[in-house]
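Below: the structure, in structure tokens.
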Amino acid sequence: MTIAAVKEETVKRSVVHGLPRVAVVAAACAVLGAGLWLCDRGLDRVDESYVLAGVADPDASRAAGEVTLSSFVLHPLFAFVDGDIARYRLIGVLLVTVLSAVTMDRLTRCIDALTGIKAEGWARHLPWVGAAATSLTAFTFGLRSLSYNSLTLVGLLVSAVGFSFVLKRQEIAGGVTAALGWWTVFLGKPTSAAALAIVGTLALFLVRRVTPRAMVAAVSALVVAVTVTLLAVRMTLPEVVTFLAGGMRQDQLLGGHASVLQLVGLAPSPLTALLLLGLPLVIAGAVAVEIARRPGRSGLLSGLTLVGLACMGVIVAIVPSVTDRGLGLQILPFVLTLLVLGAWLLGREAYRRRRDDAPERRVPREPLVLTAFLALMPYVASVGTNSPFTEAMPHYAVFWLMATLVGLRALGGPEVVRVIVIGLALGVTSVMLVTALLDGGSISSLLAAHVRVPVAGGALVLPADEARVATYINEMASREGLMSDTPVVDLTGISPGYAFQLGGRPLGRESFMGVFPGAPDAAAYALSRAPCADRARAWVLWASDNPWGVDGKVDLGRRIPHDYDVVGQFSPVQGPAGWRQLVVNVLRPRAGGSTSCPN
């Protein structure tokens, strides 16, 4: 064979070898681009608006308390973008994706050091590219803006980096980073911080990495972090305890957690989407792995094609029927596909290793513990939620991808298998993004959003019905002279987003969540912590004959609706049909009216 022929054959092999990996990178870029494109579209009027109202004015709940300090921590960022929700979302997406990429890269370096086998080229860079794109599952439904959930995710990613430092015997860097990660988790969700402390401590003892230097570094970093936080939120440590205790008191009154089993994720959770959609995709992924393992140049490309076709099948055949009915949220358990496939692949690789009697059959303990640590992070993040765990954990699915990739590296799995895993993770993320985009059908979905309306300090592109109501509320607030410091109380129990649209500042709490049985008691407690004078001059959102209303036990110093003027009315355009049938009245305190407040 001539030199020219050899060069030509080498180029052909390089192209065939690199084409599937280029396709994976292209898919990741497309997923990331879609996530960024969605940042200025739509606004969830329940959970996301509740979080945004708190972040916009965290002092509103200072007297009554909350179960998290996240609003105080995130407020400076919201103020930095002048209340522009689209820019706030954009920064959140970039923060989480970049940090996920950095975390995956640090984990790759850690496994390099622990196994003595260095990843090069595609094997080094594909994992962090895939992790960056897969992290977008955190922003697919509900809380699309930076919130306590994403703050918890950030903390867990930092903690994973700290644990990787510890495994590499970088004790000071590991202790400092792990402590900062844990404190960030605490600021997001104290319940998750408690779970992380248990899992992290157990992991450290299993790898025998608890050293005095690491502990001193961790404690020192924690002291500094706590001090800086207290100064930033303008509270003393006893005041923080009182603030969080007030939040716990409201949660107890609210009845947000039916039992301890629900709190720790042992209550029954929906799995329909996983069984109907996820398991067929797991089978497709398993077949794709076996195809990719076969000798030959086209095996990997064929495997990725199979995974891509399976995901496209879900998008074309299933997603429209779900989203047309506004049931997109129910597809969240589908993301557990990554956990099921990852567990199967790791078990299969361990079996193959034992069956083939590999020379290095004994796998170091450290990478296996790291794999388990990463796999548990979605559970840790979900501890304390009042949602089913199978709908909460998918927001942190990037950890399941990381755990699978780390475990396969530790067990010596071939690189083609890891590429298939990354491709499947991108496919699952694509399904979630498409579902989020189409949810609500041709009228109410993000895809149908085309009217730009001012919201808070910026503007969002909303569907026509939503834009109509938002514009009406904007014009009403401007016409009636509502100011940014005017107290606003939402007694409907369903519409924190409309109170947020109205402007002003929340009183007591951003929303009283009338779907829970104790909402009237929780509302009465929170509002009782506010000065009576503020309650008496507050604008009120109220609906008559409202089974979700919380006005039965609150005392605003005025009779509702007799001592108010109705300055506007609208019907919600989001939520269940029962919500949309209500007529929400915007009540302004009647000038010169008497109140029951003491002089």
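Chain labels run A, B, ... following the order of the structure tokens; each chain numbers its residues from 1, and ligands are numbered from 1 in the order shown.
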Contacts of A:Ala392 within 8 Å, only C-alpha atoms, excl. fewer than 5 positions in-chain, as a list in words: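 The residues satisfying every condition are Ser382, Thr385 and Ser387 of chain A.
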Strand (DSSP E) residues, from DSSP on the backbone, in stretch 305-524 of chain A, as an MDAnalysis selection string: chainID A and resid 451:455 458:462 487:490 505:506
Selection above as a file: all heavy atoms, as a JSON list (two decimals), in the first residue's frame:
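Result saved to again.json:
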```json
[["chain", "number", "residue", "atom", "x", "y", "z"],
["A", 451, "VAL", "N", -46.74, 37.24, 22.29],
["A", 451, "VAL", "CA", -47.05, 38.62, 22.68],
["A", 451, "VAL", "C", -46.11, 39.03, 23.81],
["A", 451, "VAL", "O", -46.10, 38.41, 24.88],
["A", 451, "VAL", "CB", -48.51, 38.76, 23.14],
["A", 451, "VAL", "CG1", -48.82, 40.22, 23.48],
["A", 451, "VAL", "CG2", -49.47, 38.23, 22.07],
["A", 452, "ARG", "N", -45.34, 40.08, 23.59],
["A", 452, "ARG", "CA", -44.40, 40.55, 24.61],
["A", 452, "ARG", "C", -45.11, 41.52, 25.55],
["A", 452, "ARG", "O", -45.69, 42.52, 25.11],
["A", 452, "ARG", "CB", -43.20, 41.22, 23.95],
["A", 452, "ARG", "CG", -42.09, 41.60, 24.92],
["A", 452, "ARG", "CD", -40.83, 42.02, 24.18],
["A", 452, "ARG", "NE", -40.25, 40.90, 23.43],
["A", 452, "ARG", "CZ", -39.43, 40.00, 23.96],
["A", 452, "ARG", "NH1", -39.08, 40.10, 25.23],
["A", 452, "ARG", "NH2", -38.95, 39.03, 23.22],
["A", 453, "VAL", "N", -45.04, 41.21, 26.85],
["A", 453, "VAL", "CA", -45.75, 41.99, 27.86],
["A", 453, "VAL", "C", -44.80, 42.34, 29.00],
["A", 453, "VAL", "O", -44.01, 41.49, 29.43],
["A", 453, "VAL", "CB", -46.95, 41.18, 28.43],
["A", 453, "VAL", "CG1", -47.68, 41.99, 29.50],
["A", 453, "VAL", "CG2", -47.90, 40.79, 27.32],
["A", 454, "PRO", "N", -44.83, 43.57, 29.52],
["A", 454, "PRO", "CA", -44.00, 43.92, 30.68],
["A", 454, "PRO", "C", -44.37, 43.07, 31.90],
["A", 454, "PRO", "O", -45.55, 42.94, 32.23],
["A", 454, "PRO", "CB", -44.34, 45.40, 30.92],
["A", 454, "PRO", "CG", -44.83, 45.91, 29.60],
["A", 454, "PRO", "CD", -45.55, 44.75, 28.98],
["A", 455, "VAL", "N", -43.37, 42.49, 32.52],
["A", 455, "VAL", "CA", -43.53, 41.74, 33.76],
["A", 455, "VAL", "C", -42.37, 42.10, 34.66],
["A", 455, "VAL", "O", -41.21, 41.99, 34.24],
["A", 455, "VAL", "CB", -43.55, 40.21, 33.53],
["A", 455, "VAL", "CG1", -43.77, 39.49, 34.85],
["A", 455, "VAL", "CG2", -44.62, 39.82, 32.52],
["A", 458, "GLY", "N", -38.80, 43.66, 33.47],
["A", 458, "GLY", "CA", -38.49, 43.38, 32.07],
["A", 458, "GLY", "C", -39.74, 43.05, 31.30],
["A", 458, "GLY", "O", -40.82, 43.60, 31.55],
["A", 459, "ALA", "N", -39.62, 42.15, 30.35],
["A", 459, "ALA", "CA", -40.77, 41.74, 29.54],
["A", 459, "ALA", "C", -40.62, 40.27, 29.19],
["A", 459, "ALA", "O", -39.49, 39.76, 29.05],
["A", 459, "ALA", "CB", -40.87, 42.59, 28.28],
["A", 460, "LEU", "N", -41.75, 39.58, 29.05],
["A", 460, "LEU", "CA", -41.77, 38.18, 28.67],
["A", 460, "LEU", "C", -42.71, 37.99, 27.49],
["A", 460, "LEU", "O", -43.67, 38.76, 27.32],
["A", 460, "LEU", "CB", -42.22, 37.30, 29.84],
["A", 460, "LEU", "CG", -41.31, 37.23, 31.07],
["A", 460, "LEU", "CD1", -41.98, 36.43, 32.17],
["A", 460, "LEU", "CD2", -39.96, 36.62, 30.70],
["A", 461, "VAL", "N", -42.44, 36.97, 26.70],
["A", 461, "VAL", "CA", -43.31, 36.63, 25.58],
["A", 461, "VAL", "C", -44.33, 35.61, 26.08],
["A", 461, "VAL", "O", -43.95, 34.51, 26.52],
["A", 461, "VAL", "CB", -42.50, 36.05, 24.40],
["A", 461, "VAL", "CG1", -43.42, 35.72, 23.23],
["A", 461, "VAL", "CG2", -41.42, 37.03, 23.97],
["A", 462, "LEU", "N", -45.61, 35.97, 26.04],
["A", 462, "LEU", "CA", -46.67, 35.15, 26.62],
["A", 462, "LEU", "C", -47.68, 34.73, 25.56],
["A", 462, "LEU", "O", -47.84, 35.40, 24.55],
["A", 462, "LEU", "CB", -47.40, 35.94, 27.71],
["A", 462, "LEU", "CG", -46.55, 36.52, 28.85],
["A", 462, "LEU", "CD1", -47.41, 37.34, 29.80],
["A", 462, "LEU", "CD2", -45.83, 35.42, 29.61],
["A", 487, "PRO", "N", -48.69, 47.44, 50.04],
["A", 487, "PRO", "CA", -48.86, 46.02, 50.42],
["A", 487, "PRO", "C", -49.94, 45.35, 49.56],
["A", 487, "PRO", "O", -50.96, 45.97, 49.24],
["A", 487, "PRO", "CB", -49.31, 46.11, 51.89],
["A", 487, "PRO", "CG", -48.94, 47.48, 52.34],
["A", 487, "PRO", "CD", -49.02, 48.36, 51.13],
["A", 488, "VAL", "N", -49.69, 44.11, 49.18],
["A", 488, "VAL", "CA", -50.64, 43.32, 48.38],
["A", 488, "VAL", "C", -50.80, 41.96, 49.03],
["A", 488, "VAL", "O", -49.80, 41.29, 49.34],
["A", 488, "VAL", "CB", -50.17, 43.18, 46.92],
["A", 488, "VAL", "CG1", -51.10, 42.24, 46.15],
["A", 488, "VAL", "CG2", -50.10, 44.53, 46.23],
["A", 489, "VAL", "N", -52.03, 41.55, 49.25],
["A", 489, "VAL", "CA", -52.31, 40.25, 49.87],
["A", 489, "VAL", "C", -53.17, 39.43, 48.92],
["A", 489, "VAL", "O", -54.23, 39.89, 48.47],
["A", 489, "VAL", "CB", -53.05, 40.43, 51.21],
["A", 489, "VAL", "CG1", -53.41, 39.07, 51.80],
["A", 489, "VAL", "CG2", -52.20, 41.22, 52.20],
["A", 490, "ASP", "N", -52.71, 38.23, 48.60],
["A", 490, "ASP", "CA", -53.46, 37.33, 47.73],
["A", 490, "ASP", "C", -54.20, 36.33, 48.61],
["A", 490, "ASP", "O", -53.57, 35.45, 49.22],
["A", 490, "ASP", "CB", -52.50, 36.61, 46.78],
["A", 490, "ASP", "CG", -53.20, 35.54, 45.97],
["A", 490, "ASP", "OD1", -54.44, 35.62, 45.83],
["A", 490, "ASP", "OD2", -52.51, 34.62, 45.48],
["A", 505, "ARG", "N", -45.80, 45.03, 47.15],
["A", 505, "ARG", "CA", -44.96, 44.10, 47.91],
["A", 505, "ARG", "C", -45.84, 43.12, 48.66],
["A", 505, "ARG", "O", -46.88, 43.49, 49.21],
["A", 505, "ARG", "CB", -44.05, 44.84, 48.88],
["A", 505, "ARG", "CG", -44.75, 45.65, 49.96],
["A", 505, "ARG", "CD", -43.74, 46.39, 50.84],
["A", 505, "ARG", "NE", -44.38, 47.18, 51.87],
["A", 505, "ARG", "CZ", -44.74, 46.72, 53.06],
["A", 505, "ARG", "NH1", -44.53, 45.45, 53.36],
["A", 505, "ARG", "NH2", -45.32, 47.52, 53.94],
["A", 506, "PRO", "N", -45.47, 41.85, 48.67],
["A", 506, "PRO", "CA", -46.29, 40.85, 49.37],
["A", 506, "PRO", "C", -46.32, 41.15, 50.86],
["A", 506, "PRO", "O", -45.40, 41.74, 51.43],
["A", 506, "PRO", "CB", -45.56, 39.53, 49.09],
["A", 506, "PRO", "CG", -44.65, 39.82, 47.95],
["A", 506, "PRO", "CD", -44.29, 41.26, 48.03]]
```
Counting only C-alpha atoms, the residue of A:Phe373, A:Phe139, A:Tyr472, A:Phe186 that sits nearest A:Val161: A:Phe373
Among listed residues A:Gly592, A:Gly299, A:Pro576, A:Gly413, nearest A:Arg325 (using only C-alpha atoms):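 Answer, going by the shortest atom-to-atom distance: A:Pro576.
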Near-A:Ser147 list (10 Å; only C-alpha atoms; drop same-chain fewer than 3 positions) as a list of chain:residue names: A:Asp47, A:Glu48, A:Tyr50, A:Val51, A:Leu52, A:Gly54, A:Val55, A:Ser70, A:Ser71, A:Val73, A:Leu74, A:Arg89, A:Gly92, A:Leu143, A:Arg144, A:Ser150, A:Leu151, A:Thr152, A:Leu153, A:Gly188
Just N, CA, C and O atoms for this one: save the residues we selected as a compact mmCIF listing (two decimals), in the first residue's frame.
```txt
# COMPACT_ATOMS: atom_id res chain seq x y z
N ASP A 47 -45.89 28.14 41.08
CA ASP A 47 -44.62 27.94 41.78
C ASP A 47 -43.55 28.96 41.40
O ASP A 47 -42.90 29.54 42.27
N GLU A 48 -43.36 29.18 40.11
CA GLU A 48 -42.30 30.09 39.70
C GLU A 48 -42.60 31.52 40.15
O GLU A 48 -41.70 32.23 40.63
N TYR A 50 -44.38 32.42 42.68
CA TYR A 50 -44.20 32.46 44.14
C TYR A 50 -42.73 32.69 44.50
O TYR A 50 -42.39 33.54 45.34
N VAL A 51 -41.84 31.97 43.82
CA VAL A 51 -40.41 32.13 44.08
C VAL A 51 -39.94 33.51 43.65
O VAL A 51 -39.19 34.18 44.38
N LEU A 52 -40.38 33.97 42.48
CA LEU A 52 -39.94 35.27 41.99
C LEU A 52 -40.41 36.40 42.90
O LEU A 52 -39.68 37.37 43.12
N GLY A 54 -40.81 36.22 46.09
CA GLY A 54 -39.93 36.20 47.25
C GLY A 54 -38.55 36.74 46.95
O GLY A 54 -37.97 37.47 47.77
N VAL A 55 -38.01 36.39 45.80
CA VAL A 55 -36.69 36.87 45.42
C VAL A 55 -36.71 38.38 45.18
O VAL A 55 -35.77 39.09 45.52
N SER A 70 -33.18 31.14 50.69
CA SER A 70 -32.77 31.30 49.30
C SER A 70 -33.17 32.65 48.71
O SER A 70 -32.45 33.20 47.88
N SER A 71 -34.32 33.18 49.12
CA SER A 71 -34.76 34.46 48.56
C SER A 71 -33.77 35.57 48.88
O SER A 71 -33.48 36.42 48.03
N VAL A 73 -30.58 35.18 49.44
CA VAL A 73 -29.32 34.91 48.73
C VAL A 73 -29.44 35.29 47.25
O VAL A 73 -28.50 35.83 46.66
N LEU A 74 -30.59 35.02 46.65
CA LEU A 74 -30.77 35.26 45.21
C LEU A 74 -31.20 36.68 44.89
O LEU A 74 -31.12 37.10 43.73
N ARG A 89 -33.41 34.27 34.29
CA ARG A 89 -33.42 32.87 33.87
C ARG A 89 -32.14 32.53 33.10
O ARG A 89 -31.56 31.45 33.29
N GLY A 92 -29.31 31.99 35.31
CA GLY A 92 -29.47 30.72 36.01
C GLY A 92 -29.09 29.52 35.17
O GLY A 92 -28.37 28.62 35.63
N LEU A 143 -40.27 25.55 38.14
CA LEU A 143 -39.27 26.53 38.58
C LEU A 143 -38.21 26.72 37.50
O LEU A 143 -37.10 26.21 37.60
N ARG A 144 -38.54 27.49 36.48
CA ARG A 144 -37.60 27.74 35.39
C ARG A 144 -36.62 28.85 35.72
O ARG A 144 -35.65 29.07 34.99
N SER A 150 -32.71 25.23 42.37
CA SER A 150 -31.47 25.37 41.62
C SER A 150 -30.31 25.76 42.53
O SER A 150 -29.16 25.39 42.27
N LEU A 151 -30.59 26.49 43.62
CA LEU A 151 -29.54 26.79 44.59
C LEU A 151 -29.07 25.50 45.26
O LEU A 151 -27.87 25.31 45.49
N THR A 152 -30.00 24.61 45.54
CA THR A 152 -29.64 23.30 46.09
C THR A 152 -28.80 22.51 45.09
O THR A 152 -27.81 21.87 45.47
N LEU A 153 -29.18 22.55 43.81
CA LEU A 153 -28.41 21.86 42.77
C LEU A 153 -26.99 22.41 42.70
O LEU A 153 -26.02 21.64 42.61
N GLY A 188 -30.43 26.70 50.31
CA GLY A 188 -31.52 26.34 49.41
C GLY A 188 -32.58 25.52 50.11
O GLY A 188 -33.77 25.87 50.10
```
Who sits within 8 Å of stretch 510-520 of chain A, only C-alpha atoms, same chain under 6 positions skipped, as a list of chain:residue names: A:Tyr50, A:Ala53, A:Gly54, A:Ala60, A:Ser61, A:Leu253, A:Leu254, A:Gly255, A:Gly256, A:Val489, A:Asp490, A:Leu491, A:Thr492, A:Gly493, A:Ile494, A:Ser495, A:Pro496, A:Trp548, A:Gly549, A:Val550, A:Asp551, A:Gly552, A:Lys553, A:Val554
Which of A:Asp251, A:Asp563, A:Asp439, A:Asp59 sits closest to A:Gly593 [using only C-alpha atoms]: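 Among the listed residues, A:Asp563 lies closest to A:Gly593.
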Residues flagged alpha helix (DSSP H) by DSSP in stretch 123-347 of chain A, as a PyMOL selection string: chain A and resi 123-134+148-167+171-188+190-206+212-233+237-254+260-263+272-273+279-293+299-317+319-323+337-347
Exercise: stretch 122-136 of chain A partners within 8 Å, only C-alpha atoms, chain neighbours under 5 positions left out, as an NGL selection string: :A and (21 or 24-25 or 28-29 or 31-32 or 35 or 93 or 96-105 or 108 or 395-398 or 401-402 or 405 or 415 or 419 or 422-423 or 425-426 or 429)
Go ahead and save the residues from that selection, with N, CA, C and O atoms, as a CSV table (one decimal), in the first residue's frame.
```
chain,number,residue,atom,x,y,z
A,21,ARG,N,-19.3,11.1,17.6
A,21,ARG,CA,-19.0,12.0,18.7
A,21,ARG,C,-19.3,13.5,18.3
A,21,ARG,O,-19.8,14.2,19.1
A,24,VAL,N,-23.0,13.8,18.7
A,24,VAL,CA,-23.3,14.0,20.2
A,24,VAL,C,-23.1,15.5,20.6
A,24,VAL,O,-23.9,16.1,21.3
A,25,VAL,N,-22.0,16.0,20.2
A,25,VAL,CA,-21.7,17.4,20.5
A,25,VAL,C,-22.7,18.4,19.9
A,25,VAL,O,-23.2,19.3,20.5
A,28,ALA,N,-25.9,18.2,21.8
A,28,ALA,CA,-25.7,18.9,23.1
A,28,ALA,C,-25.9,20.4,22.8
A,28,ALA,O,-26.5,21.1,23.6
A,29,CYS,N,-25.3,20.9,21.8
A,29,CYS,CA,-25.4,22.3,21.5
A,29,CYS,C,-26.8,22.7,21.1
A,29,CYS,O,-27.3,23.8,21.5
A,31,VAL,N,-29.5,21.2,22.3
A,31,VAL,CA,-30.3,21.2,23.5
A,31,VAL,C,-30.0,22.5,24.3
A,31,VAL,O,-30.9,23.1,24.9
A,32,LEU,N,-28.7,22.9,24.4
A,32,LEU,CA,-28.4,24.1,25.2
A,32,LEU,C,-29.0,25.3,24.5
A,32,LEU,O,-29.5,26.2,25.2
A,35,GLY,N,-32.6,25.5,25.4
A,35,GLY,CA,-32.8,26.0,26.8
A,35,GLY,C,-32.6,27.5,26.9
A,35,GLY,O,-33.4,28.1,27.6
A,93,VAL,N,-29.5,29.5,33.9
A,93,VAL,CA,-29.2,28.4,33.0
A,93,VAL,C,-27.7,28.3,32.8
A,93,VAL,O,-27.1,27.3,32.8
A,96,VAL,N,-25.8,27.0,36.0
A,96,VAL,CA,-26.0,25.6,36.3
A,96,VAL,C,-25.3,24.8,35.2
A,96,VAL,O,-24.6,23.8,35.5
A,97,THR,N,-25.4,25.2,33.9
A,97,THR,CA,-24.7,24.4,32.9
A,97,THR,C,-23.2,24.4,33.0
A,97,THR,O,-22.5,23.4,32.8
A,98,VAL,N,-22.7,25.6,33.2
A,98,VAL,CA,-21.2,25.8,33.3
A,98,VAL,C,-20.7,25.0,34.5
A,98,VAL,O,-19.7,24.3,34.5
A,99,LEU,N,-21.4,25.1,35.7
A,99,LEU,CA,-21.0,24.4,36.9
A,99,LEU,C,-21.1,22.9,36.7
A,99,LEU,O,-20.2,22.1,37.2
A,100,SER,N,-22.1,22.4,36.0
A,100,SER,CA,-22.2,21.0,35.7
A,100,SER,C,-21.1,20.5,34.8
A,100,SER,O,-20.5,19.4,35.1
A,101,ALA,N,-20.7,21.3,33.8
A,101,ALA,CA,-19.5,21.0,33.0
A,101,ALA,C,-18.2,20.9,33.8
A,101,ALA,O,-17.4,20.0,33.7
A,102,VAL,N,-18.0,21.9,34.7
A,102,VAL,CA,-16.8,21.9,35.5
A,102,VAL,C,-16.8,20.8,36.4
A,102,VAL,O,-15.8,20.1,36.6
A,103,THR,N,-17.9,20.5,37.0
A,103,THR,CA,-18.0,19.3,38.0
A,103,THR,C,-17.7,18.0,37.3
A,103,THR,O,-16.9,17.2,37.8
A,104,MET,N,-18.2,17.8,36.1
A,104,MET,CA,-18.0,16.6,35.3
A,104,MET,C,-16.5,16.5,35.0
A,104,MET,O,-15.9,15.4,35.0
A,105,ASP,N,-15.9,17.6,34.6
A,105,ASP,CA,-14.5,17.6,34.3
A,105,ASP,C,-13.6,17.3,35.5
A,105,ASP,O,-12.7,16.5,35.4
A,108,THR,N,-13.9,13.6,36.1
A,108,THR,CA,-13.0,12.9,35.1
A,108,THR,C,-11.6,12.9,35.6
A,108,THR,O,-10.9,11.8,35.5
A,395,HIS,N,-35.3,16.7,38.3
A,395,HIS,CA,-34.7,18.0,38.1
A,395,HIS,C,-33.2,17.9,38.4
A,395,HIS,O,-32.5,18.9,38.0
A,396,TYR,N,-32.7,16.9,39.0
A,396,TYR,CA,-31.3,16.8,39.3
A,396,TYR,C,-30.7,15.6,38.6
A,396,TYR,O,-29.7,15.0,39.0
A,397,ALA,N,-31.3,15.2,37.4
A,397,ALA,CA,-30.9,14.0,36.7
A,397,ALA,C,-29.4,14.1,36.2
A,397,ALA,O,-28.9,13.0,35.9
A,398,VAL,N,-28.8,15.2,36.1
A,398,VAL,CA,-27.4,15.3,35.7
A,398,VAL,C,-26.5,14.4,36.6
A,398,VAL,O,-25.5,13.9,36.1
A,401,LEU,N,-26.4,10.8,35.2
A,401,LEU,CA,-25.4,10.7,34.1
A,401,LEU,C,-24.0,10.7,34.6
A,401,LEU,O,-23.2,9.9,34.2
A,402,MET,N,-23.7,11.6,35.6
A,402,MET,CA,-22.3,11.6,36.1
A,402,MET,C,-22.0,10.3,36.8
A,402,MET,O,-20.9,9.8,36.6
A,405,LEU,N,-21.3,7.5,34.2
A,405,LEU,CA,-20.0,7.7,33.5
A,405,LEU,C,-18.8,7.4,34.4
A,405,LEU,O,-17.8,6.8,34.0
A,415,GLU,N,-15.3,3.0,25.9
A,415,GLU,CA,-15.7,4.4,25.7
A,415,GLU,C,-17.0,4.5,24.9
A,415,GLU,O,-17.8,5.4,25.1
A,419,VAL,N,-20.4,6.8,25.4
A,419,VAL,CA,-21.0,7.7,24.4
A,419,VAL,C,-22.4,7.5,24.2
A,419,VAL,O,-23.3,8.4,24.1
A,422,ILE,N,-24.3,9.1,27.1
A,422,ILE,CA,-24.4,10.5,26.9
A,422,ILE,C,-25.5,10.8,25.9
A,422,ILE,O,-26.3,11.7,26.0
A,423,GLY,N,-25.5,10.1,24.8
A,423,GLY,CA,-26.5,10.3,23.7
A,423,GLY,C,-27.9,10.1,24.3
A,423,GLY,O,-28.8,10.8,24.0
A,425,ALA,N,-28.9,10.4,27.4
A,425,ALA,CA,-29.2,11.5,28.3
A,425,ALA,C,-29.6,12.7,27.6
A,425,ALA,O,-30.5,13.4,28.0
A,426,LEU,N,-28.9,13.0,26.4
A,426,LEU,CA,-29.4,14.1,25.6
A,426,LEU,C,-30.7,13.9,25.0
A,426,LEU,O,-31.5,14.8,24.9
A,429,THR,N,-33.3,14.5,27.8
A,429,THR,CA,-33.4,16.0,28.0
A,429,THR,C,-34.2,16.6,26.9
A,429,THR,O,-35.0,17.5,27.1
```
Compile a residue-level contact table for stretch 14-90 of chain A against stretch 231-239 of chain A at a cut-off of 10 Å, reporting for every qualifying residue the shortest atom pair and its distance in Å to one decimal, with only C-alpha atoms counted, rows ordered by chain and ascending number, as a Markdown table.
```
| residue | atom | partner | partner_atom | distance |
| --- | --- | --- | --- | --- |
| A:Pro58 | CA | A:Val233 | CA | 9.3 |
| A:Asp59 | CA | A:Val233 | CA | 9.3 |
| A:Arg62 | CA | A:Glu239 | CA | 9.6 |
| A:Gly65 | CA | A:Glu239 | CA | 9.9 |
| A:Leu69 | CA | A:Val233 | CA | 8.5 |
| A:Ser71 | CA | A:Val233 | CA | 9.6 |
| A:Phe72 | CA | A:Val233 | CA | 5.9 |
| A:Val73 | CA | A:Val233 | CA | 7.4 |
| A:His75 | CA | A:Val233 | CA | 9.8 |
| A:Pro76 | CA | A:Ala232 | CA | 9.5 |
```
8 Å contact set for A:Trp183, only C-alpha atoms, chain neighbours under 5 positions out, as a ChimeraX atom specification: /A:155,193,222,225-226
Contact residues around stretch 170-178 of chain A with only C-alpha atoms at 12 Å, ignoring same-chain residues under 2 positions, as an NGL selection string: :A and (103 or 106 or 110 or 113 or 154-168 or 180-185 or 193 or 196-197 or 200-201 or 204 or 209-225)
Interatomic distance (Å, one decimal) between atom CA of A:Met483 and atom CA of A:Ser594: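 Separation of atom CA of A:Met483 and atom CA of A:Ser594: 22.2 Å.
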Nearest to A:Leu433 by atom-to-atom distance, counting only C-alpha atoms, from A:Ser259, A:Thr323, A:Ser49, A:Thr486: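 Once distances to A:Leu433 are computed over only C-alpha atoms, the minimum belongs to A:Thr323.
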Distance in Å - atom CA of A:Gly441 versus atom CA of A:Ala310: 22.9 Å
Best match for closeness to A:Leu437 among A:Ile318, A:Val573, A:Cys39, A:Leu187, counting only C-alpha atoms: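 Of the candidates, the smallest distance to A:Leu437 is held by A:Cys39.
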Nearest to A:Ser596 by atom-to-atom distance, counting only C-alpha atoms, from A:Glu391, A:Gly326, A:Ala577, A:Leu556: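 Ranked by minimum distance to A:Ser596, first place goes to A:Leu556.
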Interatomic distance, atom CA of A:Asp57 to atom CA of A:Ala543 (Å, one decimal): 24.9 Å
